[in-house]
Amino acid sequence: MEFEPTAIPDIVLIHPQVFGDERGFFMETYQAQKFGAAGLPLIFVQDNHSGSQRGTLRGLHYQIKQAQGKVVRVVAGEIYDVAVDLRRWSPTYGKWVAATLSSQNKTELWVPPGFAHGFYVLSEWAEVTYKATDYYAPQYERSLLWNDPALGIPWPIPPGQTPTLSPKDAQGALFANAEVYQEAIR
């Protein structure tokens, strides 16, 4: 596995080694010793799997308590994946990183606790899995407005189209009004 820091060094692209032949391929998507050596958490408590049609935008989600770190991976299709730093003490506070993840490139993305996370589906259908470091807690879940001009995220939405959003995501908070992480997350 290769671990590649992004423009926000706490967010890491993970490139598994893929072994392929005429039958198909094999790869490790998680290995505790390798993740530990790269400084990533060794304990994940929940695995999630979602399926979405083209044009769906999920996010930008975070939990203000029980903050979740996530290893995001696409098992079918392609997404534009985004993470926004909401850690008030961080030098990259309010900055974001995006990556295209697909079943073809097999790249994974580590999004640490303290970040809002979301994705836009580029393919006809996409299935996304993610390992989480803490349990889902709906009472602490928040949504950051996906198209807040203050963030300036260049979502790859075709001109004249609008993404398919949940009601919650359509009413996400502006970055200026969002609850953020005031102190280090333990």
# chains A, B, ... in the order shown; residues from 1 in each chain; ligands from 1
call {"tool": "residues_around", "arguments": {"residues": "range 46-60 of chain A", "least_positions_apart": "5", "cutoff": "10 Å", "atoms": "only C-alpha atoms", "output": "JSON, numbers by chain"}}
result
{"A": [68, 70, 71, 72, 73, 74, 75, 76, 77, 78, 79, 80, 81, 82, 83, 84, 115, 116, 117, 118, 119, 120, 121, 122, 123, 124, 125, 126, 127, 128, 129, 130, 131, 132, 133, 134, 135, 136, 142, 143, 144, 145, 146, 147, 155, 156, 157, 158, 161, 162, 163, 164, 165, 166, 168, 169, 170, 172, 173]}
call {"tool": "select_by_dssp", "arguments": {"residues": "chain A", "states": "helix (DSSP H, G or I)", "output": "JSON list (two decimals) with C-alpha atoms, in the first residue's frame"}}
result
[["chain", "number", "residue", "atom", "x", "y", "z"],
["A", 32, "ALA", "CA", -3.81, -2.86, 10.52],
["A", 33, "GLN", "CA", 0.01, -2.94, 10.56],
["A", 34, "LYS", "CA", 0.36, -0.95, 7.34],
["A", 35, "PHE", "CA", -2.26, 1.61, 8.39],
["A", 36, "GLY", "CA", -0.60, 1.90, 11.81],
["A", 37, "ALA", "CA", 2.83, 2.42, 10.26],
["A", 138, "PRO", "CA", -27.85, 10.90, 14.37],
["A", 139, "GLN", "CA", -28.37, 13.33, 17.26],
["A", 140, "TYR", "CA", -24.89, 14.78, 16.57],
["A", 167, "PRO", "CA", -33.91, 17.48, 2.29],
["A", 168, "LYS", "CA", -31.33, 17.61, 5.10],
["A", 169, "ASP", "CA", -28.46, 18.25, 2.69],
["A", 170, "ALA", "CA", -30.42, 20.90, 0.77],
["A", 175, "PHE", "CA", -19.69, 27.47, 6.79],
["A", 176, "ALA", "CA", -19.89, 30.83, 8.62],
["A", 177, "ASN", "CA", -22.80, 29.54, 10.75]]
call {"tool": "select_by_dssp", "arguments": {"residues": "chain A", "states": "strand (DSSP E)", "output": "PyMOL selection string"}}
result
chain A and resi 2-5+12-15+18-21+24-27+46-53+57-63+70-76+78-85+96-102+108-111+115-121+125-132+141-143
call {"tool": "closest_residue", "arguments": {"among": "A:Val180, A:Ala137, A:Ala98, A:Leu174", "to": "Thr6 in chain A", "atoms": "only C-alpha atoms"}}
result
A:Ala98
call {"tool": "closest_residue", "arguments": {"among": "A:Gly114, A:Leu42, A:Phe25, A:Gly20", "to": "Arg88 in chain A", "atoms": "only C-alpha atoms"}}
result
A:Gly114
call {"tool": "residues_around", "arguments": {"residues": "Pro5 in chain A", "least_positions_apart": "5", "cutoff": "12 Å", "atoms": "only C-alpha atoms", "output": "list in words"}}
result
Asp10, Ile11, Val12, Leu13, Ile14, His15, Ala38, Gly39, Leu40, Val97, Ala99, Glu108, Leu109, Trp110 and Val111 of chain A
call {"tool": "write_last_selection", "arguments": {"atoms": "C-alpha atoms", "output": "PDB file, in the first residue's frame"}}
result
ATOM      1  CA  ASP A  10      -4.081  14.828   7.489  1.00  0.00           C
ATOM      2  CA  ILE A  11      -6.180  13.618   4.534  1.00  0.00           C
ATOM      3  CA  VAL A  12      -4.457  10.700   2.845  1.00  0.00           C
ATOM      4  CA  LEU A  13      -4.985   8.926  -0.465  1.00  0.00           C
ATOM      5  CA  ILE A  14      -4.423   5.194  -0.096  1.00  0.00           C
ATOM      6  CA  HIS A  15      -3.268   3.251  -3.142  1.00  0.00           C
ATOM      7  CA  ALA A  38       1.282   5.239   8.177  1.00  0.00           C
ATOM      8  CA  GLY A  39      -0.114   6.868  11.355  1.00  0.00           C
ATOM      9  CA  LEU A  40      -3.744   5.993  10.619  1.00  0.00           C
ATOM     10  CA  VAL A  97      -9.554  18.541  -0.585  1.00  0.00           C
ATOM     11  CA  ALA A  99     -10.332  13.382  -5.190  1.00  0.00           C
ATOM     12  CA  GLU A 108      -9.175   4.981  -1.052  1.00  0.00           C
ATOM     13  CA  LEU A 109      -9.365   8.215   0.948  1.00  0.00           C
ATOM     14  CA  TRP A 110      -8.680   8.648   4.667  1.00  0.00           C
ATOM     15  CA  VAL A 111     -10.830  11.475   6.083  1.00  0.00           C
TER      16      VAL A 111
END
call {"tool": "atom_distance", "arguments": {"atom1": "CA of Ile64 in chain A", "atom2": "CA of Tyr93 in chain A"}}
result
15.2 Å
call {"tool": "atom_distance", "arguments": {"atom1": "CA of Gln104 in chain A", "atom2": "CA of Glu28 in chain A"}}
result
15.1 Å
call {"tool": "atom_distance", "arguments": {"atom1": "CA of Glu141 in chain A", "atom2": "CA of Tyr62 in chain A"}}
result
5.7 Å
call {"tool": "closest_residue", "arguments": {"among": "A:Ile8, A:Val18, A:Asp148, A:Trp89", "to": "Pro112 in chain A", "atoms": "only C-alpha atoms"}}
result
A:Ile8
